[in-house]
Amino acid sequence: MTSVLVCFLLVGPVLLAAGSPVYNSNNGTVPLVIWHGMGDSCCNPLSMGAIQKMIEQEIPGIYVLSLMIGGNVFEDTENGFFMDVNEQVSMVCSQLAQNPKLKGGYNAMGFSQGAQFLRAVAQRCPSPPMKTLISVGGQQQGVYGLPRCPGESSRICDMIRKALNEGAYTELVQKHLVQAQYWHDPLNDDLYKKYSLFLADINQERAVNETYKKNLQLLEKFVMVKFLQDTVVDPVDTEWFGFLKTGQAKETETLQESVLYKEDRLGLAAMDKAGKLVFLASKGDHLQFTREWFNENLLPLLR
């Protein structure tokens, strides 16, 4: 997303002038892996590129890997709309496993849809070990609405909205539309559980995969950031792993009120009891935060 971090950039314009530091595996820092959101790319100087440079400034010597899904920035952006999510996760797992700089473990920070994709990495690929997962505006229980899309992505989003409304759980749409794979329709719960290729699997909707549960609990911290004035994610409660109650589309429930938590199908209740779940909030719209807020709330988790 190219326009959602304007507030961040206005506070810290010096970000764009910084060079990348030389990584030293003996400097005591923990590597960081970043996954961008819908309509964005790994290296956009107005979003992920700026955040990477800011983190490198604030934590000298840190190794930051901003994931590129595809061979170039154009493919990376396009794949955020049209490449099967399970294939993306598999690709990232392979990339991380082959990176010698990550063999001792790493922290992960996902922005918007990149957050739930990184959670899938934690559940499916425990080596190298993910230490802390930070979900920045991630849709951990999916979405049931696409109210607004940013900037130049609006035409694509109009097409996506039409496809979701007409048949989110059809084979064609599921296989070829990223957003359909985390579309969570509370009015058609049976269809969601049966045909969702990605979200229903990682959220243990069909059956409990004990490996997923065990691997997620290996995290030291699972941090979720909600944007209180979010106009992109619907419902916004999904950013804290809450969602709409099944069978209707108005009333929401918190993570702690959900069957997922009460039956502890994913290990989140145990993690909560152990103090591993962290819930943070920002007053802005989707992915809008200041450098001051980032440094105060997220940076300490990366040191």
# chains A, B, ... in the order shown; residues from 1 in each chain; ligands from 1

$ residues_around --residues "segment 65-78 of chain A" --least-positions-apart "3" --cutoff "8 Å" --atoms "only C-alpha atoms" --output "ChimeraX atom specification"
/A:31-36,38-43,48,52,81-83,88,91-92

$ write_last_selection --atoms "all heavy atoms" --output "short mmCIF file (atom, residue, chain, number, x, y, z; two decimals), in the first residue's frame"
data_model
loop_
_atom_site.label_atom_id
_atom_site.label_comp_id
_atom_site.auth_asym_id
_atom_site.auth_seq_id
_atom_site.Cartn_x
_atom_site.Cartn_y
_atom_site.Cartn_z
N PRO A 31 17.80 -10.85 13.70
CA PRO A 31 17.33 -10.50 12.36
C PRO A 31 15.82 -10.30 12.33
O PRO A 31 15.08 -10.87 13.15
CB PRO A 31 17.74 -11.71 11.51
CG PRO A 31 18.87 -12.33 12.26
CD PRO A 31 18.56 -12.13 13.70
N LEU A 32 15.37 -9.50 11.38
CA LEU A 32 13.94 -9.20 11.24
C LEU A 32 13.50 -9.51 9.81
O LEU A 32 14.13 -9.09 8.85
CB LEU A 32 13.67 -7.73 11.54
CG LEU A 32 12.24 -7.23 11.32
CD1 LEU A 32 11.26 -7.92 12.27
CD2 LEU A 32 12.15 -5.72 11.45
N VAL A 33 12.39 -10.23 9.70
CA VAL A 33 11.77 -10.52 8.41
C VAL A 33 10.46 -9.74 8.32
O VAL A 33 9.64 -9.78 9.23
CB VAL A 33 11.50 -12.03 8.24
CG1 VAL A 33 10.72 -12.30 6.96
CG2 VAL A 33 12.82 -12.81 8.24
N ILE A 34 10.27 -9.02 7.22
CA ILE A 34 9.08 -8.19 7.00
C ILE A 34 8.31 -8.72 5.80
O ILE A 34 8.90 -9.07 4.77
CB ILE A 34 9.47 -6.72 6.74
CG1 ILE A 34 10.18 -6.12 7.96
CG2 ILE A 34 8.26 -5.87 6.39
CD1 ILE A 34 10.71 -4.71 7.69
N TRP A 35 6.97 -8.76 5.93
CA TRP A 35 6.11 -9.12 4.79
C TRP A 35 5.08 -8.00 4.61
O TRP A 35 4.33 -7.69 5.52
CB TRP A 35 5.41 -10.45 5.04
CG TRP A 35 4.88 -11.11 3.78
CD1 TRP A 35 4.47 -10.50 2.63
CD2 TRP A 35 4.71 -12.52 3.55
NE1 TRP A 35 4.07 -11.43 1.71
CE2 TRP A 35 4.20 -12.68 2.25
CE3 TRP A 35 4.92 -13.66 4.34
CZ2 TRP A 35 3.90 -13.94 1.71
CZ3 TRP A 35 4.63 -14.90 3.80
CH2 TRP A 35 4.13 -15.04 2.49
N HIS A 36 5.04 -7.44 3.42
CA HIS A 36 4.19 -6.30 3.12
C HIS A 36 2.72 -6.70 2.94
O HIS A 36 2.37 -7.88 2.90
CB HIS A 36 4.68 -5.58 1.86
CG HIS A 36 4.64 -6.46 0.64
ND1 HIS A 36 3.48 -6.69 -0.08
CD2 HIS A 36 5.61 -7.16 0.01
CE1 HIS A 36 3.74 -7.49 -1.09
NE2 HIS A 36 5.03 -7.80 -1.07
N MET A 38 -1.33 -5.91 0.99
CA MET A 38 -1.97 -5.87 -0.32
C MET A 38 -1.67 -4.56 -1.05
O MET A 38 -1.76 -3.48 -0.49
CB MET A 38 -3.49 -6.01 -0.13
CG MET A 38 -4.32 -5.91 -1.40
SD MET A 38 -6.10 -6.03 -1.05
CE MET A 38 -6.41 -4.42 -0.31
N GLY A 39 -1.30 -4.67 -2.31
CA GLY A 39 -1.05 -3.50 -3.13
C GLY A 39 0.31 -2.88 -2.92
O GLY A 39 0.64 -1.87 -3.54
N ASP A 40 1.12 -3.46 -2.06
CA ASP A 40 2.45 -2.91 -1.75
C ASP A 40 3.50 -3.86 -2.29
O ASP A 40 3.20 -4.89 -2.90
CB ASP A 40 2.57 -2.73 -0.24
CG ASP A 40 3.62 -1.70 0.15
OD1 ASP A 40 4.33 -1.19 -0.75
OD2 ASP A 40 3.74 -1.39 1.35
N SER A 41 4.76 -3.54 -2.05
CA SER A 41 5.86 -4.41 -2.44
C SER A 41 6.95 -4.35 -1.38
O SER A 41 6.91 -3.51 -0.47
CB SER A 41 6.43 -4.00 -3.80
OG SER A 41 7.11 -2.75 -3.69
N CYS A 42 7.90 -5.21 -1.53
CA CYS A 42 8.99 -5.31 -0.55
C CYS A 42 9.76 -4.02 -0.37
O CYS A 42 10.23 -3.72 0.74
CB CYS A 42 9.97 -6.40 -0.98
SG CYS A 42 10.82 -6.03 -2.55
N CYS A 43 9.89 -3.27 -1.48
CA CYS A 43 10.95 -2.25 -1.51
C CYS A 43 10.45 -0.85 -1.85
O CYS A 43 11.24 0.01 -2.23
CB CYS A 43 12.00 -2.67 -2.51
SG CYS A 43 12.45 -4.42 -2.37
N MET A 48 7.47 0.06 2.75
CA MET A 48 8.36 -0.95 3.33
C MET A 48 9.82 -0.52 3.30
O MET A 48 10.58 -0.78 4.25
CB MET A 48 8.20 -2.29 2.62
CG MET A 48 6.83 -2.95 2.80
SD MET A 48 6.40 -3.32 4.52
CE MET A 48 5.34 -1.94 4.92
N GLN A 52 12.07 -0.23 6.65
CA GLN A 52 13.31 -0.97 6.78
C GLN A 52 14.47 -0.05 7.14
O GLN A 52 15.26 -0.34 8.05
CB GLN A 52 13.61 -1.72 5.49
CG GLN A 52 14.94 -2.48 5.53
CD GLN A 52 15.19 -3.34 4.31
OE1 GLN A 52 14.28 -3.57 3.52
NE2 GLN A 52 16.40 -3.81 4.15
N PHE A 81 -2.10 -10.03 -5.00
CA PHE A 81 -3.50 -10.12 -5.39
C PHE A 81 -3.86 -11.50 -5.96
O PHE A 81 -4.98 -11.98 -5.75
CB PHE A 81 -3.83 -9.08 -6.46
CG PHE A 81 -3.85 -7.66 -5.97
CD1 PHE A 81 -2.85 -6.77 -6.35
CD2 PHE A 81 -4.86 -7.20 -5.14
CE1 PHE A 81 -2.87 -5.46 -5.91
CE2 PHE A 81 -4.89 -5.89 -4.69
CZ PHE A 81 -3.89 -5.02 -5.08
N PHE A 82 -2.94 -12.13 -6.69
CA PHE A 82 -3.34 -13.26 -7.53
C PHE A 82 -2.59 -14.58 -7.31
O PHE A 82 -2.96 -15.59 -7.91
CB PHE A 82 -3.21 -12.86 -9.00
CG PHE A 82 -4.00 -11.63 -9.36
CD1 PHE A 82 -3.36 -10.49 -9.83
CD2 PHE A 82 -5.37 -11.61 -9.19
CE1 PHE A 82 -4.09 -9.34 -10.15
CE2 PHE A 82 -6.11 -10.46 -9.50
CZ PHE A 82 -5.46 -9.33 -9.98
N MET A 83 -1.56 -14.61 -6.49
CA MET A 83 -0.81 -15.86 -6.30
C MET A 83 -1.34 -16.63 -5.09
O MET A 83 -1.52 -16.07 -4.01
CB MET A 83 0.68 -15.57 -6.10
CG MET A 83 1.52 -16.83 -5.97
SD MET A 83 3.28 -16.42 -5.77
CE MET A 83 3.99 -18.06 -5.69
N GLN A 88 2.73 -19.01 -1.74
CA GLN A 88 3.56 -17.92 -1.23
C GLN A 88 4.23 -18.32 0.07
O GLN A 88 5.43 -18.08 0.27
CB GLN A 88 2.71 -16.67 -1.01
CG GLN A 88 2.15 -16.06 -2.28
CD GLN A 88 1.52 -14.70 -2.02
OE1 GLN A 88 2.11 -13.83 -1.38
NE2 GLN A 88 0.30 -14.50 -2.50
N MET A 91 6.98 -20.77 -0.56
CA MET A 91 8.12 -20.08 -1.14
C MET A 91 8.94 -19.37 -0.07
O MET A 91 10.17 -19.43 -0.05
CB MET A 91 7.62 -19.08 -2.19
CG MET A 91 8.73 -18.27 -2.87
SD MET A 91 8.05 -16.98 -3.96
CE MET A 91 7.16 -17.99 -5.14
N VAL A 92 8.25 -18.70 0.84
CA VAL A 92 8.93 -17.96 1.91
C VAL A 92 9.63 -18.92 2.86
O VAL A 92 10.76 -18.69 3.28
CB VAL A 92 7.93 -17.06 2.67
CG1 VAL A 92 8.55 -16.53 3.96
CG2 VAL A 92 7.51 -15.90 1.78
#

$ closest_residue --among "A:Leu244, A:Leu277, A:Ala269, A:Leu301" --to "Asp189 of chain A" --atoms "only C-alpha atoms"
A:Leu244

$ select_by_dssp --residues "segment 239-273 of chain A" --states "strand (DSSP E)" --output "list in words"
Phe243, Leu244, Thr252 and Glu253 of chain A

$ select_by_dssp --residues "segment 168-287 of chain A" --states "helix (DSSP H, G or I)" --output "ChimeraX atom specification"
/A:171-176,178-182,189-195,199-202,210-216,236-240,255-257,259-262,268-273

$ residues_around --residues "Gly138 of chain A" --least-positions-apart "5" --cutoff "6 Å" --atoms "only C-alpha atoms" --output "number ranges by chain"
A: 112-113, 115, 239

$ residues_around --residues "Thr238 of chain A" --least-positions-apart "6" --cutoff "6 Å" --atoms "only C-alpha atoms" --output "PyMOL selection string"
chain A and resi 139-141

$ residues_around --residues "Leu268 of chain A" --least-positions-apart "2" --cutoff "10 Å" --atoms "only C-alpha atoms" --output "PyMOL selection string"
chain A and resi 213+216-217+222+241+255-256+260-266+270-274+276-277

$ atom_distance --atom1 "atom CA of Gly275 of chain A" --atom2 "atom CA of Ala122 of chain A"
18.2 Å

$ residues_around --residues "His176 of chain A" --least-positions-apart "2" --cutoff "7 Å" --atoms "only C-alpha atoms" --output "PyMOL selection string"
chain A and resi 82-84+172-174+178

$ atom_distance --atom1 "atom CA of Lys53 of chain A" --atom2 "atom CA of Gln95 of chain A"
21.5 Å

$ residues_around --residues "Glu253 of chain A" --least-positions-apart "4" --cutoff "8 Å" --atoms "only C-alpha atoms" --output "MDAnalysis selection string"
chainID A and resid 237 242:245 257:258

$ atom_distance --atom1 "atom CA of Val236 of chain A" --atom2 "atom CA of Arg303 of chain A"
28.6 Å
